[in-house]
file structure-v7.cif (mmCIF, C-alpha atoms)
data_final
#
loop_
_atom_site.label_atom_id
_atom_site.label_comp_id
_atom_site.auth_asym_id
_atom_site.auth_seq_id
_atom_site.Cartn_x
_atom_site.Cartn_y
_atom_site.Cartn_z
CA MET O 196 -6.17 -2.14 -24.91
CA SER O 197 -9.88 -2.62 -24.19
CA ARG O 198 -11.95 0.33 -23.11
CA ILE O 199 -10.79 1.05 -19.58
CA GLU O 200 -13.50 1.36 -16.95
CA VAL O 201 -11.58 1.09 -13.69
CA ILE O 202 -8.24 2.39 -12.46
CA SER O 203 -6.80 0.56 -9.48
CA PHE O 204 -4.13 2.08 -7.26
CA ASP O 205 -1.77 0.64 -4.73
CA ALA O 206 -1.60 2.86 -1.65
CA GLU O 207 1.77 3.24 0.06
CA GLY O 208 4.57 4.22 -2.29
CA THR O 209 2.01 5.03 -4.97
CA LEU O 210 -0.42 7.52 -3.44
CA VAL O 211 0.85 7.71 0.13
CA THR O 212 4.42 8.58 1.11
CA PRO O 213 6.25 6.24 3.53
CA ASP O 214 6.18 8.82 6.36
CA PHE O 215 3.28 7.23 8.25
CA SER O 216 4.70 3.72 8.06
CA GLN O 217 8.16 4.97 8.95
CA ALA O 218 6.72 6.59 12.07
CA ILE O 219 4.87 3.42 13.08
CA TRP O 220 7.41 0.73 12.29
CA HIS O 221 10.74 2.47 12.84
CA GLU O 222 9.98 5.13 15.45
CA THR O 223 6.94 4.29 17.57
CA ILE O 224 7.41 0.53 17.94
CA PRO O 225 11.13 0.85 18.82
CA ALA O 226 10.30 3.64 21.30
CA LEU O 227 7.69 1.46 23.00
CA TYR O 228 10.10 -1.48 23.01
CA ALA O 229 12.83 0.69 24.54
CA GLY O 230 10.51 1.89 27.29
CA LYS O 231 9.25 -1.59 28.10
CA ASN O 232 12.66 -3.26 28.14
CA GLY O 233 14.82 -0.47 29.54
CA VAL O 234 17.19 -0.16 26.58
CA GLU O 235 18.39 2.85 24.62
CA LEU O 236 16.30 3.86 21.60
CA ALA O 237 19.16 3.21 19.17
CA GLU O 238 19.55 -0.32 20.51
CA ALA O 239 15.79 -0.86 20.38
CA LYS O 240 15.71 0.21 16.73
CA LYS O 241 18.44 -2.28 15.92
CA ILE O 242 16.69 -5.14 17.74
CA VAL O 243 13.29 -4.40 16.20
CA ALA O 244 14.74 -4.12 12.68
CA GLN O 245 16.51 -7.46 13.11
CA GLU O 246 13.22 -9.10 14.09
CA TYR O 247 11.45 -7.60 11.09
CA ASN O 248 14.17 -8.90 8.78
CA LYS O 249 13.89 -12.42 10.19
CA VAL O 250 10.31 -12.49 8.91
CA GLY O 251 10.79 -10.70 5.57
CA ASP O 252 8.24 -9.14 3.24
CA GLN O 253 7.13 -12.42 1.64
CA ARG O 254 5.26 -13.42 4.81
CA LEU O 255 1.98 -12.01 6.05
CA GLU O 256 3.37 -11.30 9.51
CA TRP O 257 5.62 -8.60 8.03
CA TYR O 258 2.56 -6.42 7.39
CA ASP O 259 0.56 -7.29 10.51
CA ILE O 260 0.89 -4.60 13.17
CA LYS O 261 -1.18 -6.64 15.64
CA TYR O 262 1.26 -9.51 15.24
CA TRP O 263 4.22 -7.27 16.04
CA PHE O 264 2.58 -5.65 19.05
CA ARG O 265 1.89 -9.14 20.40
CA TYR O 266 5.38 -10.33 19.52
CA PHE O 267 7.05 -7.45 21.36
CA GLN O 268 4.38 -7.52 24.12
CA LEU O 269 3.42 -3.88 23.59
CA GLY O 270 -0.33 -4.16 24.13
CA SER O 271 -2.76 -2.76 21.56
CA PRO O 272 -1.61 -0.77 18.50
CA GLU O 273 -4.67 1.50 18.23
CA LEU O 274 -3.26 4.44 20.20
CA ALA O 275 0.07 4.27 18.36
CA ILE O 276 -1.76 4.37 15.03
CA GLN O 277 -3.77 7.40 16.13
CA ARG O 278 -0.64 9.23 17.27
CA CYS O 279 1.01 8.67 13.89
CA GLN O 280 -2.03 9.77 11.86
CA ALA O 281 -0.60 13.26 11.39
CA LYS O 282 2.34 11.74 9.50
CA VAL O 283 0.13 10.66 6.59
CA CYS O 284 1.17 12.54 3.46
CA TYR O 285 0.41 12.20 -0.25
CA TYR O 286 2.74 12.61 -3.20
CA PRO O 287 2.54 16.06 -4.83
CA GLU O 288 0.64 15.03 -7.97
CA VAL O 289 -1.90 12.74 -6.28
CA MET O 290 -4.79 15.16 -5.75
CA GLU O 291 -4.60 16.56 -9.28
CA VAL O 292 -4.38 13.12 -10.87
CA LEU O 293 -7.26 11.67 -8.86
CA SER O 294 -9.42 14.72 -9.54
CA SER O 295 -8.79 14.50 -13.28
CA LEU O 296 -9.50 10.76 -13.48
CA ARG O 297 -12.54 10.25 -11.32
CA GLY O 298 -14.94 11.85 -13.77
CA GLN O 299 -13.94 9.40 -16.51
CA TYR O 300 -13.12 6.20 -14.62
CA LYS O 301 -14.11 4.35 -11.49
CA LEU O 302 -11.23 4.45 -9.03
CA ILE O 303 -10.40 1.72 -6.52
CA ILE O 304 -7.63 0.81 -4.08
CA ALA O 305 -5.95 -2.61 -4.27
CA SER O 306 -3.41 -2.76 -1.46
CA GLY O 307 -1.56 -5.30 0.63
CA THR O 308 -1.67 -3.03 3.67
CA PRO O 309 -3.94 -4.31 6.48
CA SER O 310 -7.14 -2.32 6.92
CA GLU O 311 -6.18 -0.91 10.32
CA LEU O 312 -3.23 0.88 8.65
CA LEU O 313 -4.79 1.41 5.23
CA GLU O 314 -7.81 3.33 6.51
CA PRO O 315 -5.79 6.10 8.21
CA GLN O 316 -3.52 6.31 5.17
CA LEU O 317 -6.49 6.98 2.90
CA GLN O 318 -8.38 9.31 5.23
CA GLY O 319 -7.67 12.42 3.17
CA ILE O 320 -8.49 10.89 -0.24
CA LYS O 321 -11.04 8.14 0.43
CA GLY O 322 -13.80 10.12 -1.29
CA TYR O 323 -12.19 9.47 -4.67
CA PHE O 324 -12.59 5.68 -4.47
CA ILE O 325 -15.65 3.49 -4.90
CA HIS O 326 -14.00 0.41 -3.34
CA THR O 327 -10.99 -0.34 -1.15
CA PHE O 328 -9.48 -3.83 -1.15
CA SER O 329 -6.84 -5.06 1.30
CA SER O 330 -5.44 -8.45 0.32
CA THR O 331 -4.16 -9.18 3.82
CA SER O 332 -7.39 -8.25 5.58
CA LEU O 333 -9.87 -9.66 3.06
CA LEU O 334 -8.13 -12.84 1.90
CA ASN O 335 -5.29 -13.30 4.38
CA GLN O 336 -2.79 -13.32 1.52
CA LEU O 337 -0.36 -11.03 -0.25
CA LYS O 338 -1.23 -9.39 -3.57
CA THR O 339 -1.28 -12.56 -5.64
CA PRO O 340 -2.93 -13.05 -9.05
CA LYS O 341 -5.81 -14.67 -7.13
CA PHE O 342 -6.29 -11.44 -5.18
CA TYR O 343 -6.54 -9.43 -8.38
CA ALA O 344 -9.00 -11.96 -9.79
CA TYR O 345 -11.05 -11.52 -6.62
CA VAL O 346 -11.05 -7.74 -7.12
CA CYS O 347 -12.27 -8.12 -10.70
CA GLU O 348 -15.03 -10.49 -9.66
CA SER O 349 -16.08 -8.26 -6.77
CA ILE O 350 -16.57 -5.19 -8.95
CA ARG O 351 -17.84 -7.27 -11.91
CA VAL O 352 -15.40 -5.84 -14.41
CA ASN O 353 -13.32 -7.77 -16.95
CA PRO O 354 -9.58 -7.67 -16.10
CA ALA O 355 -8.86 -6.22 -19.56
CA GLN O 356 -10.94 -3.19 -18.61
CA ILE O 357 -8.89 -2.44 -15.50
CA VAL O 358 -5.61 -0.59 -15.13
CA HIS O 359 -3.57 -1.15 -11.97
CA VAL O 360 -0.62 1.00 -10.96
CA GLY O 361 1.75 0.44 -8.07
CA ASP O 362 5.37 0.65 -7.01
CA ASN O 363 6.13 -3.01 -6.28
CA TRP O 364 7.40 -4.91 -9.32
CA GLN O 365 6.17 -8.30 -8.11
CA PHE O 366 3.00 -7.51 -6.18
CA ASP O 367 1.71 -4.65 -8.33
CA PHE O 368 3.07 -5.24 -11.82
CA LEU O 369 3.76 -8.95 -12.35
CA ASN O 370 0.91 -10.37 -10.29
CA SER O 371 -1.79 -8.06 -11.63
CA SER O 372 -0.54 -8.71 -15.18
CA GLN O 373 -0.90 -12.45 -14.59
CA ALA O 374 -4.55 -11.82 -13.70
CA GLY O 375 -5.07 -10.15 -17.10
CA ILE O 376 -5.07 -6.58 -15.81
CA ASN O 377 -3.31 -3.75 -17.66
CA ALA O 378 -0.46 -3.08 -15.24
CA PHE O 379 1.86 -0.11 -14.86
CA HIS O 380 4.89 -0.12 -12.60
CA LEU O 381 5.58 3.11 -10.74
CA ASP O 382 9.29 3.77 -10.21
CA ARG O 383 9.51 6.87 -8.04
CA VAL O 384 13.09 6.18 -6.97
CA GLY O 385 14.51 5.94 -10.48
CA ASN O 386 15.55 2.30 -10.77
CA ASN O 387 14.84 2.66 -14.49
CA GLN O 388 12.74 -0.44 -15.04
CA GLN O 389 11.92 -0.34 -18.73
CA GLY O 390 8.49 1.15 -19.32
CA SER O 391 7.99 2.20 -15.70
CA LEU O 392 6.28 5.45 -14.77
CA ALA O 393 8.24 8.08 -12.87
CA ASN O 394 5.08 9.54 -11.32
CA LEU O 395 1.31 9.25 -11.57
CA THR O 396 1.01 12.18 -13.96
CA GLU O 397 2.65 9.98 -16.61
CA LEU O 398 -0.18 7.46 -16.23
CA LYS O 399 -2.59 9.92 -17.81
CA SER O 400 -0.71 9.90 -21.12
CA HIS O 401 -1.35 6.14 -21.38
CA LEU O 402 -5.07 6.57 -20.80
CA PHE O 403 -6.08 9.57 -22.90
#
call {"tool": "encode", "arguments": {"input": "structure-v7.cif", "output": "structure tokens"}}
result
Amino acid sequence: MSRIEVISFDAEGTLVTPDFSQAIWHETIPALYAGKNGVELAEAKKIVAQEYNKVGDQRLEWYDIKYWFRYFQLGSPELAIQRCQAKVCYYPEVMEVLSSLRGQYKLIIASGTPSELLEPQLQGIKGYFIHTFSSTSLLNQLKTPKFYAYVCESIRVNPAQIVHVGDNWQFDFLNSSQAGINAFHLDRVGNNQQGSLANLTELKSHLF
């Protein structure tokens, strides 16, 4: 491994727990849909989930809150995002790991989350990072190898000098590896992918 200069982190599922997204996508949007259409909340949750699943996570619309507010005719998402801000939470080891790494490496975010959701997610830890990249907002694409190449070019660092860690096998591990980045898969739920990290503390043993 070349001398590492930069450590890149995914956001949700890596640094940020799903609580904020759960509140937005599976509580707030169904509640607004229920109120607008005069249906019970349980029925609204079922309808909304079915619409999400029709799109699927391989399409950009899946991640686009503005798209879904337009689709369900709910107006603007800004107030809903603000109301869910208090749900943002970080995994227990995050602060300690970031504090221990930032003196030795440059830290960045490489996420597929749109900026309007990514910014509130990072509010409590943004001071640790020198750059934040959202593939959907910057390049209108998912986290492809081209996105990771764009990140490398933007910060002017060779891919071999970057470590990326994230919880999605395709978008974080495979695609960043294809760009030449040293990738680590984070498996918080214990699916036992060979070589995966159970938490971010384990990343440190691969760096020091």
call {"tool": "resolve_selection", "arguments": {"input": "structure-v7.cif", "expression": "the PyMOL selection byres ((chain O and resi 325) around 12)", "output": "JSON, numbers by chain"}}
result
{"O": [201, 202, 203, 204, 297, 300, 301, 302, 303, 304, 305, 320, 321, 322, 323, 324, 326, 327, 328, 349, 350]}
call {"tool": "resolve_selection", "arguments": {"input": "structure-v7.cif", "expression": "the PyMOL selection byres ((chain O and resi 257) around 12)", "output": "ChimeraX atom specification"}}
result
/O:220,243-244,246-256,258-264,266,307-309,331,336-337
call {"tool": "closest_residue", "arguments": {"input": "structure-v7.cif", "among": "O:Ala281, O:Ala226, O:Met290, O:Leu334", "to": "O:Asp214", "atoms": "only C-alpha atoms"}}
result
O:Ala281
call {"tool": "closest_residue", "arguments": {"input": "structure-v7.cif", "among": "O:Pro225, O:Gly319, O:Pro340, O:Gly385", "to": "O:Asn370", "atoms": "all atoms listed in the file"}}
result
O:Pro340
call {"tool": "resolve_selection", "arguments": {"input": "structure-v7.cif", "expression": "the PyMOL selection byres ((chain O and resi 371) around 12)", "output": "PDB file with C-alpha atoms, in the coordinates of the input"}}
result
ATOM      1  CA  SER O 203      -6.800   0.560  -9.480  1.00  0.00           C
ATOM      2  CA  PHE O 204      -4.130   2.080  -7.260  1.00  0.00           C
ATOM      3  CA  ASP O 205      -1.770   0.640  -4.730  1.00  0.00           C
ATOM      4  CA  ALA O 305      -5.950  -2.610  -4.270  1.00  0.00           C
ATOM      5  CA  SER O 306      -3.410  -2.760  -1.460  1.00  0.00           C
ATOM      6  CA  LEU O 337      -0.360 -11.030  -0.250  1.00  0.00           C
ATOM      7  CA  LYS O 338      -1.230  -9.390  -3.570  1.00  0.00           C
ATOM      8  CA  THR O 339      -1.280 -12.560  -5.640  1.00  0.00           C
ATOM      9  CA  PRO O 340      -2.930 -13.050  -9.050  1.00  0.00           C
ATOM     10  CA  LYS O 341      -5.810 -14.670  -7.130  1.00  0.00           C
ATOM     11  CA  PHE O 342      -6.290 -11.440  -5.180  1.00  0.00           C
ATOM     12  CA  TYR O 343      -6.540  -9.430  -8.380  1.00  0.00           C
ATOM     13  CA  ALA O 344      -9.000 -11.960  -9.790  1.00  0.00           C
ATOM     14  CA  TYR O 345     -11.050 -11.520  -6.620  1.00  0.00           C
ATOM     15  CA  VAL O 346     -11.050  -7.740  -7.120  1.00  0.00           C
ATOM     16  CA  CYS O 347     -12.270  -8.120 -10.700  1.00  0.00           C
ATOM     17  CA  PRO O 354      -9.580  -7.670 -16.100  1.00  0.00           C
ATOM     18  CA  ALA O 355      -8.860  -6.220 -19.560  1.00  0.00           C
ATOM     19  CA  ILE O 357      -8.890  -2.440 -15.500  1.00  0.00           C
ATOM     20  CA  VAL O 358      -5.610  -0.590 -15.130  1.00  0.00           C
ATOM     21  CA  HIS O 359      -3.570  -1.150 -11.970  1.00  0.00           C
ATOM     22  CA  VAL O 360      -0.620   1.000 -10.960  1.00  0.00           C
ATOM     23  CA  GLY O 361       1.750   0.440  -8.070  1.00  0.00           C
ATOM     24  CA  ASN O 363       6.130  -3.010  -6.280  1.00  0.00           C
ATOM     25  CA  TRP O 364       7.400  -4.910  -9.320  1.00  0.00           C
ATOM     26  CA  GLN O 365       6.170  -8.300  -8.110  1.00  0.00           C
ATOM     27  CA  PHE O 366       3.000  -7.510  -6.180  1.00  0.00           C
ATOM     28  CA  ASP O 367       1.710  -4.650  -8.330  1.00  0.00           C
ATOM     29  CA  PHE O 368       3.070  -5.240 -11.820  1.00  0.00           C
ATOM     30  CA  LEU O 369       3.760  -8.950 -12.350  1.00  0.00           C
ATOM     31  CA  ASN O 370       0.910 -10.370 -10.290  1.00  0.00           C
ATOM     32  CA  SER O 372      -0.540  -8.710 -15.180  1.00  0.00           C
ATOM     33  CA  GLN O 373      -0.900 -12.450 -14.590  1.00  0.00           C
ATOM     34  CA  ALA O 374      -4.550 -11.820 -13.700  1.00  0.00           C
ATOM     35  CA  GLY O 375      -5.070 -10.150 -17.100  1.00  0.00           C
ATOM     36  CA  ILE O 376      -5.070  -6.580 -15.810  1.00  0.00           C
ATOM     37  CA  ASN O 377      -3.310  -3.750 -17.660  1.00  0.00           C
ATOM     38  CA  ALA O 378      -0.460  -3.080 -15.240  1.00  0.00           C
ATOM     39  CA  PHE O 379       1.860  -0.110 -14.860  1.00  0.00           C
ATOM     40  CA  HIS O 380       4.890  -0.120 -12.600  1.00  0.00           C
TER      41      HIS O 380
END
call {"tool": "atom_distance", "arguments": {"input": "structure-v7.cif", "atom1": "atom CA of O:Cys284", "atom2": "atom CA of O:Glu311"}}
result
16.8 Å
call {"tool": "axis_aligned_box", "arguments": {"input": "structure-v7.cif", "around": "stretch 343-357 of chain O", "padding_each_side": "6 Å", "output": "lines of an AutoDock Vina configuration file"}}
result
center_x = -12.2
center_y = -7.2
center_z = -13.1
size_x = 23.3
size_y = 21.5
size_z = 24.9
call {"tool": "atom_distance", "arguments": {"input": "structure-v7.cif", "atom1": "atom CA of O:Lys282", "atom2": "atom CA of O:Glu314"}}
result
13.5 Å
call {"tool": "build_atoms", "arguments": {"input": "structure-v7.cif", "residues": "stretch 368-398 of chain O", "atoms": "N, CA and C atoms", "output": "tab-separated table (two decimals), in the frame of the given file"}}
result
chain	number	residue	atom	x	y	z
O	368	PHE	N	2.95	-5.11	-10.37
O	368	PHE	CA	3.07	-5.24	-11.82
O	368	PHE	C	2.91	-6.68	-12.30
O	369	LEU	N	3.78	-7.57	-11.84
O	369	LEU	CA	3.76	-8.95	-12.35
O	369	LEU	C	2.46	-9.67	-11.98
O	370	ASN	N	2.06	-9.59	-10.73
O	370	ASN	CA	0.91	-10.37	-10.29
O	370	ASN	C	-0.41	-9.87	-10.86
O	371	SER	N	-0.55	-8.56	-11.00
O	371	SER	CA	-1.79	-8.06	-11.63
O	371	SER	C	-1.80	-8.38	-13.12
O	372	SER	N	-0.62	-8.34	-13.76
O	372	SER	CA	-0.54	-8.71	-15.18
O	372	SER	C	-0.96	-10.16	-15.39
O	373	GLN	N	-0.54	-11.04	-14.48
O	373	GLN	CA	-0.90	-12.45	-14.59
O	373	GLN	C	-2.41	-12.66	-14.48
O	374	ALA	N	-3.09	-11.73	-13.82
O	374	ALA	CA	-4.55	-11.82	-13.70
O	374	ALA	C	-5.25	-11.22	-14.92
O	375	GLY	N	-4.48	-10.71	-15.89
O	375	GLY	CA	-5.07	-10.15	-17.10
O	375	GLY	C	-5.33	-8.67	-17.05
O	376	ILE	N	-4.87	-8.02	-15.98
O	376	ILE	CA	-5.07	-6.58	-15.81
O	376	ILE	C	-3.97	-5.82	-16.55
O	377	ASN	N	-4.30	-4.64	-17.04
O	377	ASN	CA	-3.31	-3.75	-17.66
O	377	ASN	C	-2.50	-3.08	-16.55
O	378	ALA	N	-1.26	-3.51	-16.39
O	378	ALA	CA	-0.46	-3.08	-15.24
O	378	ALA	C	0.58	-2.04	-15.63
O	379	PHE	N	0.79	-1.10	-14.72
O	379	PHE	CA	1.86	-0.11	-14.86
O	379	PHE	C	2.68	-0.11	-13.58
O	380	HIS	N	3.99	-0.19	-13.75
O	380	HIS	CA	4.89	-0.12	-12.60
O	380	HIS	C	5.29	1.33	-12.37
O	381	LEU	N	5.21	1.75	-11.13
O	381	LEU	CA	5.58	3.11	-10.74
O	381	LEU	C	6.96	3.08	-10.09
O	382	ASP	N	7.90	3.78	-10.68
O	382	ASP	CA	9.29	3.77	-10.21
O	382	ASP	C	9.66	5.17	-9.75
O	383	ARG	N	9.24	5.53	-8.55
O	383	ARG	CA	9.51	6.87	-8.04
O	383	ARG	C	10.98	7.10	-7.69
O	384	VAL	N	11.71	6.03	-7.41
O	384	VAL	CA	13.09	6.18	-6.97
O	384	VAL	C	14.09	6.11	-8.11
O	385	GLY	N	13.63	5.88	-9.33
O	385	GLY	CA	14.51	5.94	-10.48
O	385	GLY	C	15.36	4.72	-10.70
O	386	ASN	N	14.81	3.53	-10.47
O	386	ASN	CA	15.55	2.30	-10.77
O	386	ASN	C	15.57	1.96	-12.25
O	387	ASN	N	14.81	2.74	-13.02
O	387	ASN	CA	14.84	2.66	-14.49
O	387	ASN	C	14.39	1.31	-15.04
O	388	GLN	N	13.36	0.73	-14.42
O	388	GLN	CA	12.74	-0.44	-15.04
O	388	GLN	C	12.12	0.00	-16.36
O	389	GLN	N	12.39	-0.73	-17.41
O	389	GLN	CA	11.92	-0.34	-18.73
O	389	GLN	C	10.40	-0.21	-18.75
O	390	GLY	N	9.92	0.93	-19.21
O	390	GLY	CA	8.49	1.15	-19.32
O	390	GLY	C	7.82	1.62	-18.05
O	391	SER	N	8.58	1.77	-16.97
O	391	SER	CA	7.99	2.20	-15.70
O	391	SER	C	7.64	3.68	-15.74
O	392	LEU	N	6.67	4.05	-14.92
O	392	LEU	CA	6.28	5.45	-14.77
O	392	LEU	C	7.12	6.10	-13.69
O	393	ALA	N	7.48	7.35	-13.89
O	393	ALA	CA	8.24	8.08	-12.87
O	393	ALA	C	7.32	8.70	-11.83
O	394	ASN	N	6.07	8.97	-12.22
O	394	ASN	CA	5.08	9.54	-11.32
O	394	ASN	C	3.70	9.25	-11.88
O	395	LEU	N	2.67	9.58	-11.13
O	395	LEU	CA	1.31	9.25	-11.57
O	395	LEU	C	0.82	10.14	-12.70
O	396	THR	N	1.39	11.31	-12.85
O	396	THR	CA	1.01	12.18	-13.96
O	396	THR	C	1.26	11.48	-15.29
O	397	GLU	N	2.33	10.70	-15.37
O	397	GLU	CA	2.65	9.98	-16.61
O	397	GLU	C	1.60	8.93	-16.96
O	398	LEU	N	0.87	8.45	-15.96
O	398	LEU	CA	-0.18	7.46	-16.23
O	398	LEU	C	-1.23	8.03	-17.18
